[in-house]
>>> print(open('data.cif').read())   # mmCIF, C-alpha atoms
data_my_file
#
loop_
_atom_site.label_atom_id
_atom_site.label_comp_id
_atom_site.auth_asym_id
_atom_site.auth_seq_id
_atom_site.Cartn_x
_atom_site.Cartn_y
_atom_site.Cartn_z
CA MET A 1149 32.73 -37.14 48.99
CA LEU A 1150 35.03 -36.26 46.13
CA ALA A 1151 33.01 -38.50 43.79
CA VAL A 1152 29.79 -36.69 44.72
CA ALA A 1153 31.37 -33.32 44.02
CA PHE A 1154 32.68 -34.53 40.69
CA LEU A 1155 29.26 -35.88 39.73
CA GLY A 1156 27.60 -32.59 40.68
CA GLY A 1157 30.06 -30.68 38.55
CA ALA A 1158 29.44 -32.99 35.62
CA VAL A 1159 25.70 -32.43 35.87
CA TYR A 1160 26.21 -28.66 36.05
CA PHE A 1161 28.40 -28.49 32.97
CA SER A 1162 26.42 -31.03 30.92
CA VAL A 1163 22.93 -29.70 31.69
CA LEU A 1164 22.95 -26.24 33.16
CA ARG A 1165 25.67 -24.94 30.90
CA GLN A 1166 24.24 -26.29 27.62
CA PRO A 1167 24.18 -23.54 24.96
CA THR A 1168 20.81 -21.80 24.58
CA VAL A 1169 19.21 -21.96 21.13
CA GLU A 1170 18.17 -18.56 19.82
CA TYR A 1171 15.40 -18.29 17.25
CA ALA A 1172 14.72 -15.62 14.65
CA ALA A 1173 11.01 -15.55 13.88
CA SER A 1174 8.59 -13.72 11.63
CA GLU A 1175 4.87 -13.14 12.13
CA ALA A 1176 2.27 -14.55 9.73
CA VAL A 1177 0.39 -11.49 8.49
CA PHE A 1178 -2.34 -10.61 6.02
CA GLY A 1179 -1.33 -8.31 3.18
CA ASP A 1180 -1.21 -7.81 -0.56
CA LEU A 1181 1.17 -10.08 -2.46
CA LYS A 1182 2.74 -9.26 -5.81
CA GLU A 1183 5.01 -11.17 -8.14
CA THR A 1184 6.91 -9.10 -10.70
CA VAL A 1185 9.75 -9.58 -13.18
CA SER A 1186 12.03 -6.71 -14.16
CA VAL A 1187 13.32 -6.28 -17.72
CA SER A 1188 14.82 -3.53 -19.88
CA GLY A 1189 13.19 -2.26 -23.04
CA THR A 1190 13.36 0.24 -25.88
CA LEU A 1191 10.69 2.63 -27.11
CA LYS A 1192 9.88 2.20 -30.81
CA ALA A 1193 7.68 4.07 -33.29
CA ASN A 1194 5.61 2.59 -36.14
CA ASP A 1195 6.25 -0.93 -34.92
CA THR A 1196 4.42 -4.05 -36.08
CA ILE A 1197 2.27 -5.84 -33.48
CA ALA A 1198 1.04 -9.42 -33.84
CA LEU A 1199 -2.60 -9.66 -32.73
CA ASN A 1200 -3.62 -12.98 -31.18
CA PHE A 1201 -6.45 -14.30 -29.06
CA GLU A 1202 -5.43 -15.47 -25.60
CA THR A 1203 -7.70 -18.49 -25.89
CA THR A 1204 -8.65 -21.02 -28.55
CA GLY A 1205 -11.96 -21.36 -30.38
CA ARG A 1206 -13.93 -20.92 -33.59
CA VAL A 1207 -13.82 -17.46 -35.18
CA SER A 1208 -17.29 -15.93 -35.01
CA SER A 1209 -16.45 -12.58 -36.62
CA VAL A 1210 -13.66 -10.70 -38.40
CA ASP A 1211 -14.27 -7.02 -37.86
CA VAL A 1212 -11.38 -5.43 -39.80
CA ARG A 1213 -9.80 -5.53 -43.24
CA VAL A 1214 -6.26 -4.93 -44.47
CA GLY A 1215 -5.45 -1.23 -44.69
CA GLN A 1216 -8.16 -0.23 -42.22
CA LYS A 1217 -7.26 2.29 -39.56
CA VAL A 1218 -8.21 1.27 -36.02
CA GLY A 1219 -8.26 3.03 -32.70
CA LYS A 1220 -7.09 1.65 -29.40
CA GLY A 1221 -9.81 -0.65 -28.04
CA ASP A 1222 -11.54 -1.30 -31.37
CA ILE A 1223 -12.65 -4.91 -31.86
CA ILE A 1224 -10.47 -6.78 -34.36
CA GLY A 1225 -12.38 -10.06 -34.23
CA SER A 1226 -14.26 -12.45 -31.97
CA ILE A 1227 -14.42 -16.15 -31.24
CA ASP A 1228 -17.50 -18.11 -30.16
CA ASN A 1229 -18.04 -17.46 -26.43
CA THR A 1230 -20.88 -19.90 -25.69
CA GLY A 1231 -18.70 -22.25 -23.66
CA LEU A 1232 -16.97 -19.34 -21.94
CA GLN A 1233 -20.30 -17.84 -20.86
CA LEU A 1234 -21.41 -21.21 -19.47
CA ALA A 1235 -18.16 -21.38 -17.52
CA VAL A 1236 -18.86 -17.93 -16.03
CA ASP A 1237 -22.40 -18.95 -15.04
CA GLN A 1238 -21.16 -22.15 -13.40
CA ALA A 1239 -18.33 -20.34 -11.59
CA ARG A 1240 -20.75 -17.69 -10.30
CA ALA A 1241 -23.12 -20.38 -8.97
CA ASN A 1242 -20.24 -22.17 -7.23
CA LEU A 1243 -19.05 -18.90 -5.65
CA GLU A 1244 -22.52 -17.97 -4.39
CA LYS A 1245 -22.94 -21.41 -2.84
CA ALA A 1246 -19.52 -21.19 -1.17
CA ARG A 1247 -20.38 -17.76 0.22
CA ALA A 1248 -23.69 -19.03 1.55
CA ASP A 1249 -22.00 -22.07 3.12
CA ALA A 1250 -19.42 -19.78 4.76
CA GLY A 1251 -22.17 -17.60 6.24
CA MET A 1252 -21.72 -14.56 4.05
CA ASN A 1253 -25.02 -12.68 4.25
CA PHE A 1254 -25.20 -9.61 2.05
CA ASP A 1255 -28.76 -8.85 3.17
CA SER A 1256 -27.78 -8.67 6.83
CA ILE A 1257 -25.01 -6.20 6.03
CA HIS A 1258 -27.40 -4.06 4.01
CA SER A 1259 -29.98 -4.16 6.80
CA ALA A 1260 -27.32 -3.24 9.35
CA LYS A 1261 -26.23 -0.28 7.22
CA VAL A 1262 -29.85 0.91 6.98
CA GLU A 1263 -30.15 0.64 10.77
CA VAL A 1264 -27.02 2.77 11.18
CA GLU A 1265 -28.36 5.36 8.75
CA ASN A 1266 -31.72 5.44 10.57
CA ALA A 1267 -29.98 5.74 13.95
CA GLU A 1268 -27.82 8.59 12.66
CA LYS A 1269 -30.90 10.40 11.36
CA PHE A 1270 -32.74 9.79 14.65
CA LEU A 1271 -29.79 11.25 16.58
CA ASP A 1272 -29.67 14.29 14.29
CA ASP A 1273 -33.45 14.79 14.61
CA THR A 1274 -33.24 14.39 18.39
CA LYS A 1275 -30.49 17.00 18.64
CA SER A 1276 -32.44 19.38 16.40
CA LEU A 1277 -35.66 18.94 18.42
CA ASN A 1278 -33.78 19.32 21.71
CA LYS A 1279 -32.19 22.51 20.46
CA LYS A 1280 -35.62 23.94 19.57
CA ASN A 1281 -37.16 22.87 22.90
CA ILE A 1282 -34.29 24.35 24.93
CA ALA A 1283 -34.36 27.56 22.90
CA SER A 1284 -38.09 27.86 23.51
CA ALA A 1285 -37.65 27.22 27.25
CA GLU A 1286 -34.83 29.76 27.45
CA GLN A 1287 -37.01 32.34 25.69
CA LYS A 1288 -39.81 31.60 28.18
CA VAL A 1289 -37.42 32.19 31.06
CA SER A 1290 -36.28 35.46 29.50
CA ASP A 1291 -39.88 36.64 28.92
CA THR A 1292 -41.09 35.76 32.44
CA LYS A 1293 -37.97 37.33 33.95
CA ASN A 1294 -38.65 40.59 32.11
CA TYR A 1295 -42.29 40.48 33.21
CA TYR A 1296 -41.25 39.75 36.78
CA ASP A 1297 -38.80 42.68 36.74
CA ASP A 1298 -41.52 45.00 35.40
CA ALA A 1299 -43.99 43.75 38.03
CA GLN A 1300 -41.42 44.33 40.76
CA THR A 1301 -40.75 47.87 39.58
CA PHE A 1302 -44.48 48.62 39.35
CA TYR A 1303 -45.12 47.15 42.82
CA ASN A 1304 -42.34 49.21 44.41
CA LYS A 1305 -43.69 52.38 42.82
CA VAL A 1306 -47.31 51.74 43.88
CA LYS A 1307 -46.23 50.82 47.40
CA ASP A 1308 -44.20 54.00 47.77
CA GLU A 1309 -47.08 56.15 46.51
CA ASN A 1310 -50.03 54.41 48.22
CA GLY A 1311 -48.68 52.46 51.15
CA SER A 1312 -48.53 48.69 51.63
CA ASP A 1313 -52.14 48.32 52.81
CA SER A 1314 -53.84 50.04 49.91
CA SER A 1315 -55.97 48.02 47.48
CA VAL A 1316 -53.83 49.19 44.55
CA THR A 1317 -50.67 47.98 46.27
CA LYS A 1318 -52.26 44.63 47.16
CA SER A 1319 -53.35 44.19 43.51
CA ALA A 1320 -49.80 45.00 42.34
CA LYS A 1321 -48.43 42.48 44.87
CA LEU A 1322 -50.74 39.80 43.50
CA THR A 1323 -49.47 40.56 40.00
CA LEU A 1324 -45.87 40.42 41.26
CA ASP A 1325 -46.45 37.05 42.99
CA THR A 1326 -47.99 35.64 39.81
CA ALA A 1327 -45.04 36.94 37.72
CA GLU A 1328 -42.56 35.39 40.18
CA ALA A 1329 -44.39 32.07 40.10
CA ASN A 1330 -44.37 32.09 36.28
CA TYR A 1331 -40.64 32.92 36.29
CA GLU A 1332 -39.82 30.07 38.69
CA GLN A 1333 -41.99 27.71 36.65
CA ALA A 1334 -40.17 28.74 33.46
CA LYS A 1335 -36.79 28.07 35.10
CA ASP A 1336 -37.99 24.65 36.23
CA ALA A 1337 -39.24 23.94 32.70
CA LEU A 1338 -35.81 24.87 31.31
CA ASP A 1339 -34.12 22.47 33.74
CA VAL A 1340 -36.55 19.73 32.68
CA ALA A 1341 -35.85 20.51 29.00
CA ASP A 1342 -32.09 20.26 29.58
CA GLN A 1343 -32.44 16.94 31.41
CA THR A 1344 -34.85 15.56 28.81
CA ALA A 1345 -32.45 16.60 26.02
CA ASP A 1346 -29.54 14.82 27.73
CA LEU A 1347 -31.55 11.65 28.19
CA ALA A 1348 -32.92 11.74 24.63
CA GLU A 1349 -29.47 12.29 23.12
CA THR A 1350 -27.93 9.57 25.28
CA SER A 1351 -30.66 7.17 24.18
CA ALA A 1352 -30.19 8.11 20.52
CA GLU A 1353 -26.39 7.76 20.81
CA ASN A 1354 -26.79 4.35 22.44
CA LYS A 1355 -29.09 3.31 19.60
CA LEU A 1356 -26.47 4.46 17.08
CA ASP A 1357 -23.69 2.64 18.97
CA THR A 1358 -25.77 -0.55 18.95
CA ALA A 1359 -26.45 -0.24 15.21
CA GLU A 1360 -22.78 0.42 14.45
CA ALA A 1361 -21.71 -2.54 16.58
CA ALA A 1362 -24.17 -4.76 14.69
CA LEU A 1363 -22.80 -3.50 11.37
CA ASP A 1364 -19.22 -4.10 12.50
CA ALA A 1365 -20.15 -7.62 13.57
CA ASN A 1366 -21.84 -8.36 10.25
CA GLN A 1367 -18.95 -6.91 8.28
CA SER A 1368 -16.47 -8.81 10.44
CA ASP A 1369 -18.36 -12.02 9.76
CA TYR A 1370 -18.38 -11.14 6.07
CA VAL A 1371 -14.63 -10.51 5.99
CA ARG A 1372 -13.92 -13.65 8.01
CA ALA A 1373 -16.08 -15.70 5.66
CA GLY A 1374 -14.42 -14.00 2.70
CA LYS A 1375 -11.09 -15.38 3.92
CA ASP A 1376 -12.53 -18.87 3.95
CA ALA A 1377 -10.28 -21.00 1.72
CA ASN A 1378 -13.24 -22.46 -0.15
CA VAL A 1379 -14.68 -19.01 -0.88
CA ALA A 1380 -11.30 -17.73 -2.00
CA SER A 1381 -10.86 -20.69 -4.33
CA PHE A 1382 -14.25 -20.25 -6.02
CA ALA A 1383 -13.77 -16.46 -6.15
CA ALA A 1384 -10.52 -16.99 -8.05
CA ALA A 1385 -12.23 -19.47 -10.39
CA TYR A 1386 -15.02 -16.99 -11.06
CA GLU A 1387 -12.58 -14.18 -11.77
CA THR A 1388 -10.67 -16.44 -14.15
CA ALA A 1389 -13.88 -17.38 -15.99
CA VAL A 1390 -14.87 -13.71 -16.36
CA ASN A 1391 -11.40 -12.86 -17.66
CA ASN A 1392 -11.57 -15.72 -20.16
CA LEU A 1393 -14.96 -14.48 -21.39
CA GLY A 1394 -13.43 -11.07 -22.01
CA LYS A 1395 -10.72 -12.71 -24.11
CA ALA A 1396 -13.33 -13.84 -26.64
CA ALA A 1397 -13.09 -10.38 -28.21
CA LEU A 1398 -9.71 -9.30 -29.63
CA ARG A 1399 -9.16 -5.54 -29.35
CA ALA A 1400 -6.58 -3.22 -30.85
CA PRO A 1401 -3.93 -2.48 -28.19
CA ALA A 1402 -2.96 0.81 -29.84
CA ASN A 1403 -3.89 3.21 -32.62
CA GLY A 1404 -2.73 2.04 -36.01
CA MET A 1405 -3.47 0.35 -39.32
CA ILE A 1406 -4.24 -3.30 -40.07
CA LYS A 1407 -1.37 -4.90 -41.99
CA GLU A 1408 -2.55 -8.54 -42.20
CA VAL A 1409 -5.67 -10.63 -41.50
CA ASN A 1410 -4.95 -14.35 -41.54
CA PHE A 1411 -8.23 -16.00 -40.46
CA LYS A 1412 -11.82 -16.09 -41.71
CA THR A 1413 -15.15 -16.52 -39.96
CA GLY A 1414 -15.72 -20.18 -39.07
CA GLU A 1415 -12.05 -21.16 -38.93
CA VAL A 1416 -10.70 -22.62 -35.71
CA ILE A 1417 -7.84 -21.05 -33.81
CA GLY A 1418 -6.09 -23.87 -31.99
CA ALA A 1419 -3.25 -24.15 -29.52
CA THR A 1420 -0.91 -25.17 -32.35
CA SER A 1421 -1.82 -22.32 -34.73
CA THR A 1422 1.35 -20.63 -35.99
CA ASP A 1423 -0.12 -17.62 -37.81
CA SER A 1424 -1.22 -14.51 -35.94
CA PHE A 1425 -4.91 -13.73 -36.25
CA ALA A 1426 -3.87 -10.33 -37.61
CA LYS A 1427 -1.02 -7.82 -37.60
CA MET A 1428 -1.10 -4.06 -37.31
CA ILE A 1429 1.32 -1.17 -37.65
CA SER A 1430 1.11 0.95 -34.52
CA TYR A 1431 0.86 4.73 -34.77
CA ASP A 1432 1.61 4.86 -31.05
CA PHE A 1433 4.92 4.20 -29.36
CA ILE A 1434 5.54 0.55 -28.47
CA LEU A 1435 7.96 -0.78 -25.87
CA GLU A 1436 10.00 -3.78 -26.90
CA ALA A 1437 11.75 -5.86 -24.24
CA LYS A 1438 13.67 -9.12 -24.03
CA VAL A 1439 12.37 -11.51 -21.37
CA PRO A 1440 14.63 -14.42 -20.32
CA GLU A 1441 13.35 -17.97 -20.84
CA SER A 1442 13.26 -18.51 -17.05
CA ASP A 1443 10.41 -15.96 -16.81
CA ILE A 1444 8.70 -16.08 -20.21
CA ALA A 1445 6.25 -18.85 -19.23
CA LYS A 1446 4.78 -16.50 -16.60
CA VAL A 1447 4.30 -13.55 -18.97
CA LYS A 1448 0.84 -13.29 -20.56
CA VAL A 1449 -0.84 -10.88 -22.96
CA GLY A 1450 -2.75 -8.25 -21.01
CA GLN A 1451 -0.45 -8.16 -17.99
CA LYS A 1452 0.42 -4.69 -16.73
CA GLY A 1453 3.86 -3.19 -16.36
CA SER A 1454 5.25 -0.18 -14.52
CA VAL A 1455 7.69 1.74 -16.73
CA SER A 1456 10.43 4.21 -15.87
CA PHE A 1457 12.60 5.89 -18.53
CA ASP A 1458 16.30 6.70 -18.21
CA ALA A 1459 15.56 10.11 -19.75
CA PHE A 1460 13.09 11.08 -17.00
CA SER A 1461 13.34 11.28 -13.23
CA ALA A 1462 13.39 7.97 -11.37
CA ASP A 1463 10.14 8.67 -9.49
CA GLU A 1464 8.16 9.32 -12.70
CA THR A 1465 6.49 6.11 -13.84
CA PHE A 1466 4.15 5.14 -16.67
CA GLN A 1467 1.84 2.19 -17.21
CA ALA A 1468 1.95 -0.25 -20.11
CA ALA A 1469 0.34 -3.59 -21.03
CA VAL A 1470 1.72 -6.68 -22.75
CA VAL A 1471 0.27 -6.84 -26.28
CA SER A 1472 2.34 -9.54 -27.98
CA ILE A 1473 4.87 -12.26 -27.19
CA ASP A 1474 7.13 -13.52 -29.96
CA PRO A 1475 6.94 -17.36 -30.05
CA SER A 1476 10.46 -17.58 -31.52
CA ALA A 1477 13.47 -17.26 -29.24
CA THR A 1478 16.33 -14.81 -29.69
CA VAL A 1479 19.67 -16.43 -28.81
CA VAL A 1480 22.74 -14.30 -28.18
CA GLN A 1481 25.88 -15.96 -26.76
CA ASP A 1482 23.83 -18.93 -25.55
CA VAL A 1483 21.42 -16.63 -23.69
CA VAL A 1484 17.80 -17.34 -24.69
CA ASP A 1485 15.35 -14.43 -24.67
CA TYR A 1486 11.88 -13.77 -26.07
CA ILE A 1487 10.68 -10.47 -27.54
CA VAL A 1488 7.71 -9.04 -25.64
CA LYS A 1489 5.94 -5.86 -26.76
CA PHE A 1490 4.04 -3.41 -24.58
CA ALA A 1491 1.53 -0.70 -25.49
CA MET A 1492 1.75 2.46 -23.40
CA ASP A 1493 -1.45 3.31 -21.53
CA SER A 1494 -0.92 7.03 -22.20
CA ASP A 1495 1.05 9.18 -24.61
CA ASP A 1496 3.60 11.84 -23.71
CA SER A 1497 5.06 14.56 -25.92
CA ARG A 1498 8.52 13.77 -24.51
CA PHE A 1499 8.54 10.20 -25.89
CA LYS A 1500 11.26 9.66 -28.49
CA ASP A 1501 12.10 6.67 -30.66
CA GLY A 1502 14.90 4.62 -29.11
CA MET A 1503 14.45 5.70 -25.47
CA SER A 1504 15.59 3.13 -22.92
CA ALA A 1505 13.24 2.00 -20.17
CA ASP A 1506 13.02 -0.32 -17.17
CA ILE A 1507 9.82 -2.35 -16.90
CA ASP A 1508 8.41 -4.19 -13.88
CA ILE A 1509 5.87 -6.69 -15.23
CA LEU A 1510 3.12 -7.59 -12.77
CA LEU A 1511 2.85 -11.37 -13.18
CA ALA A 1512 0.37 -12.01 -10.38
CA GLU A 1513 -1.28 -10.20 -7.51
CA LYS A 1514 -3.46 -11.23 -4.59
CA LYS A 1515 -5.19 -8.98 -2.09
CA SER A 1516 -5.17 -9.62 1.65
CA VAL A 1517 -3.60 -13.09 1.81
CA LEU A 1518 -1.81 -14.71 4.75
CA GLN A 1519 1.93 -14.68 4.04
CA ILE A 1520 5.27 -15.58 5.57
CA PRO A 1521 8.93 -15.47 4.43
CA GLU A 1522 9.61 -18.37 2.07
CA ARG A 1523 12.85 -19.14 3.93
CA ALA A 1524 10.73 -20.38 6.85
CA LEU A 1525 9.54 -23.34 4.77
CA LYS A 1526 11.02 -26.82 4.77
CA ASP A 1527 10.24 -29.30 1.99
CA VAL A 1528 10.02 -32.91 3.16
CA GLU A 1529 8.99 -35.52 0.58
CA GLY A 1530 6.89 -33.02 -1.32
CA LYS A 1531 5.18 -31.61 1.77
CA LYS A 1532 5.76 -28.14 3.21
CA PHE A 1533 6.50 -27.61 6.91
CA VAL A 1534 7.24 -24.65 9.16
CA GLN A 1535 8.42 -24.40 12.75
CA ILE A 1536 6.12 -22.44 15.05
CA LEU A 1537 7.61 -20.55 17.99
CA GLU A 1538 5.36 -20.77 21.06
CA ASN A 1539 6.51 -19.95 24.59
CA LYS A 1540 10.11 -19.94 23.34
CA LYS A 1541 9.71 -23.53 22.11
CA ALA A 1542 9.65 -24.77 18.51
CA SER A 1543 7.01 -27.14 17.12
CA GLU A 1544 6.64 -28.38 13.55
CA ARG A 1545 3.49 -27.95 11.52
CA GLU A 1546 2.49 -28.84 7.96
CA VAL A 1547 1.18 -26.01 5.76
CA LYS A 1548 -0.13 -25.55 2.25
CA THR A 1549 1.25 -22.70 0.21
CA GLY A 1550 0.07 -20.69 -2.78
CA MET A 1551 1.52 -17.83 -4.73
CA LYS A 1552 5.14 -16.74 -4.39
CA GLY A 1553 5.60 -12.99 -4.17
CA ASP A 1554 8.34 -10.42 -4.31
CA GLY A 1555 10.69 -9.92 -1.39
CA GLY A 1556 10.87 -13.63 -0.58
CA MET A 1557 7.26 -13.80 0.70
CA ILE A 1558 4.86 -16.68 0.01
CA GLU A 1559 1.13 -17.19 0.51
CA VAL A 1560 -0.06 -19.68 3.14
CA VAL A 1561 -3.37 -21.26 2.15
CA SER A 1562 -3.85 -23.40 5.26
CA GLY A 1563 -2.04 -24.55 8.40
CA LEU A 1564 -1.32 -21.14 9.94
CA ARG A 1565 -3.25 -18.38 11.67
CA GLU A 1566 -2.63 -14.67 11.57
CA GLY A 1567 -0.16 -13.56 14.23
CA GLU A 1568 1.58 -16.91 14.69
CA GLN A 1569 5.39 -16.78 14.74
CA VAL A 1570 7.31 -18.91 12.21
CA ILE A 1571 11.00 -19.57 12.75
CA THR A 1572 13.20 -18.30 9.94
CA SER A 1573 16.62 -19.18 11.41
CA THR A 1574 18.33 -20.49 14.54
CA LYS A 1575 21.69 -19.89 16.15
#
>>> encode(input="data.cif", output="structure tokens")
Amino acid sequence: MLAVAFLGGAVYFSVLRQPTVEYAASEAVFGDLKETVSVSGTLKANDTIALNFETTGRVSSVDVRVGQKVGKGDIIGSIDNTGLQLAVDQARANLEKARADAGMNFDSIHSAKVEVENAEKFLDDTKSLNKKNIASAEQKVSDTKNYYDDAQTFYNKVKDENGSDSSVTKSAKLTLDTAEANYEQAKDALDVADQTADLAETSAENKLDTAEAALDANQSDYVRAGKDANVASFAAAYETAVNNLGKAALRAPANGMIKEVNFKTGEVIGATSTDSFAKMISYDFILEAKVPESDIAKVKVGQKGSVSFDAFSADETFQAAVVSIDPSATVVQDVVDYIVKFAMDSDDSRFKDGMSADIDILLAEKKSVLQIPERALKDVEGKKFVQILENKKASEREVKTGMKGDGGMIEVVSGLREGEQVITSTK
């Protein structure tokens, strides 16, 4: 008996009293993802900017000369864009095919929108017509009521003067009966008009609801297809091809004067070219910042930056764009930095040479992507895994990831659905 009791106690303490594992989880959600790097900079006047193409190729035109004044956006030169245009055409064809394969039907959405517009107009027209019909019926009731009241007054007067059996009184009574019948008929017609209006408006509203539901369904299908991984991939490729085509023309990032032109038409600008295509002295203020070597590979010409100045309030921000990246490193006490220059998108009378600024460079951005905290990921032999929390139990699942964003978030390309819970820690 004692042995049985001991065994029962052992089972209780070894099984029932085992510590419960608690999970901290985060939901996989769709949202915008940004990756930024923060640096400090200094505002400078009359600074020299190196002008370089962001892609390689054969120079097709040189549009400036030394000493020429240029305005922001003026073309400095161009490279042959034949191959870049072909890449855009191919990328567009691939994207359209991917959209078609995913069931994205632009025509159906357009048709659904037209149906909604027609249903809205039909409802408005129905309400307007009902309003006129009811107003007309109400006026008829008012007119017949007035006539009936006049007939009643006339009948009472004739009856008092001539007696109820006189021919004049009987004629007045006939007129009164006719007026009463017309009045009752007008009231019935008003009731019918009200009922008809209600039915017509209900029908028109139902037609509008049906059209709106069809539009929502088409748009939902469109959005769902738009999130298709294949569509997203080809959309990104198309956007990249379009951006590359735009890089075939080199434009002045600021107002200024051309200081050097180092290439001629027909020469090839290669990946190993050391000379800048041209240099200019900026008449506008230029921001100069040092970017550490750990981030410099991510910084590209054309990227945008949000700028705040120490001299202004913290909530006042300005926009700037990367216009040049110095290929030579600056080393101070074994710290390697690279000089990056930014052109301000707008001027301000308060700008002064030497002002200090903080710059958040937007390295990458994606709209409406599925994302989770990066700390939820586990790397096993080059593959990424997460633990899914379902019914208070954990199960492992392989995922594919994309862009890393700020705040420790990372894009999930496949392997997860919106709303699923990923475990971020246990205790």
>>> atom_distance(input="data.cif", atom1="atom CA of Lys1275 of chain A", atom2="atom CA of Asp1339 of chain A")
16.5 Å
>>> resolve_selection(input="data.cif", expression="the PyMOL selection byres ((chain A and resi 1285) around 10)", output="list in words")
Lys1279, Lys1280, Asn1281, Ile1282, Ala1283, Ser1284, Glu1286, Gln1287, Lys1288, Val1289, Ser1290, Asp1291, Ala1334, Lys1335, Asp1336, Ala1337, Leu1338, Asp1339, Val1340, Ala1341 and Asp1342 of chain A
>>> write_last_selection(input="data.cif", atoms="C-alpha atoms", output="CSV table (one decimal), in the frame of the given file")
chain,number,residue,atom,x,y,z
A,1279,LYS,CA,-32.2,22.5,20.5
A,1280,LYS,CA,-35.6,23.9,19.6
A,1281,ASN,CA,-37.2,22.9,22.9
A,1282,ILE,CA,-34.3,24.4,24.9
A,1283,ALA,CA,-34.4,27.6,22.9
A,1284,SER,CA,-38.1,27.9,23.5
A,1286,GLU,CA,-34.8,29.8,27.4
A,1287,GLN,CA,-37.0,32.3,25.7
A,1288,LYS,CA,-39.8,31.6,28.2
A,1289,VAL,CA,-37.4,32.2,31.1
A,1290,SER,CA,-36.3,35.5,29.5
A,1291,ASP,CA,-39.9,36.6,28.9
A,1334,ALA,CA,-40.2,28.7,33.5
A,1335,LYS,CA,-36.8,28.1,35.1
A,1336,ASP,CA,-38.0,24.6,36.2
A,1337,ALA,CA,-39.2,23.9,32.7
A,1338,LEU,CA,-35.8,24.9,31.3
A,1339,ASP,CA,-34.1,22.5,33.7
A,1340,VAL,CA,-36.6,19.7,32.7
A,1341,ALA,CA,-35.8,20.5,29.0
A,1342,ASP,CA,-32.1,20.3,29.6
>>> resolve_selection(input="data.cif", expression="the PyMOL selection byres ((chain A and resi 1532) around 6)", output="ChimeraX atom specification")
/A:1526-1527,1531,1533,1546-1547
>>> residues_around(input="data.cif", residues="Val1212 of chain A", least_positions_apart="2", cutoff="9 Å", atoms="all atoms listed in the file", output="list in words")
Val1210, Val1214, Gly1215, Gln1216, Lys1217, Val1218, Ile1223, Ile1224, Gly1225, Ile1406 and Val1409 of chain A
>>> closest_residue(input="data.cif", among="A:Ala1299, A:Leu1199, A:Leu1518, A:Val1185", to="Glu1441 of chain A", atoms="only C-alpha atoms")
A:Val1185
>>> residues_around(input="data.cif", residues="Gln1535 of chain A", least_positions_apart="3", cutoff="10 Å", atoms="all atoms listed in the file", output="ChimeraX atom specification")
/A:1173,1524-1526,1538,1541-1546,1569-1573
>>> write_last_selection(input="data.cif", atoms="C-alpha atoms", output="PDB file, keeping the file's coordinate frame")
ATOM      1  CA  ALA A1173      11.010 -15.550  13.880  1.00  0.00           C
ATOM      2  CA  ALA A1524      10.730 -20.380   6.850  1.00  0.00           C
ATOM      3  CA  LEU A1525       9.540 -23.340   4.770  1.00  0.00           C
ATOM      4  CA  LYS A1526      11.020 -26.820   4.770  1.00  0.00           C
ATOM      5  CA  GLU A1538       5.360 -20.770  21.060  1.00  0.00           C
ATOM      6  CA  LYS A1541       9.710 -23.530  22.110  1.00  0.00           C
ATOM      7  CA  ALA A1542       9.650 -24.770  18.510  1.00  0.00           C
ATOM      8  CA  SER A1543       7.010 -27.140  17.120  1.00  0.00           C
ATOM      9  CA  GLU A1544       6.640 -28.380  13.550  1.00  0.00           C
ATOM     10  CA  ARG A1545       3.490 -27.950  11.520  1.00  0.00           C
ATOM     11  CA  GLU A1546       2.490 -28.840   7.960  1.00  0.00           C
ATOM     12  CA  GLN A1569       5.390 -16.780  14.740  1.00  0.00           C
ATOM     13  CA  VAL A1570       7.310 -18.910  12.210  1.00  0.00           C
ATOM     14  CA  ILE A1571      11.000 -19.570  12.750  1.00  0.00           C
ATOM     15  CA  THR A1572      13.200 -18.300   9.940  1.00  0.00           C
ATOM     16  CA  SER A1573      16.620 -19.180  11.410  1.00  0.00           C
TER      17      SER A1573
END
>>> closest_residue(input="data.cif", among="A:Glu1408, A:Glu1522, A:Asp1508, A:Glu1529", to="Arg1213 of chain A", atoms="all atoms listed in the file")
A:Glu1408
>>> resolve_selection(input="data.cif", expression="the PyMOL selection byres ((chain A and resi 1326) around 12)", output="list in words")
Thr1292, Lys1293, Tyr1295, Tyr1296, Asp1297, Ala1299, Gln1300, Ser1319, Ala1320, Lys1321, Leu1322, Thr1323, Leu1324, Asp1325, Ala1327, Glu1328, Ala1329, Asn1330, Tyr1331, Glu1332 and Gln1333 of chain A
>>> residues_around(input="data.cif", residues="Asn1403 of chain A", least_positions_apart="5", cutoff="7 Å", atoms="all atoms listed in the file", output="PyMOL selection string")
chain A and resi 1218-1220+1430-1432
>>> closest_residue(input="data.cif", among="A:Ile1536, A:Val1316, A:Ala1505, A:Leu1234", to="Phe1302 of chain A", atoms="all atoms listed in the file")
A:Val1316
>>> closest_residue(input="data.cif", among="A:Gly1530, A:Pro1521, A:Gly1453, A:Gly1418", to="Val1560 of chain A", atoms="all atoms listed in the file")
A:Pro1521
>>> residues_near_point(input="data.cif", point="(0.9, -16.2, -37.3)", cutoff="12 Å", atoms="all atoms listed in the file", output="list in words")
Ile1197, Ala1198, Leu1199, Asn1200, Phe1201, Glu1408, Val1409, Asn1410, Phe1411, Ile1417, Gly1418, Ala1419, Thr1420, Ser1421, Thr1422, Asp1423, Ser1424, Phe1425, Ala1426, Lys1427, Ser1472, Ile1473, Asp1474, Pro1475 and Ser1476 of chain A
>>> atom_distance(input="data.cif", atom1="atom CA of Met1428 of chain A", atom2="atom CA of Asp1195 of chain A")
8.3 Å
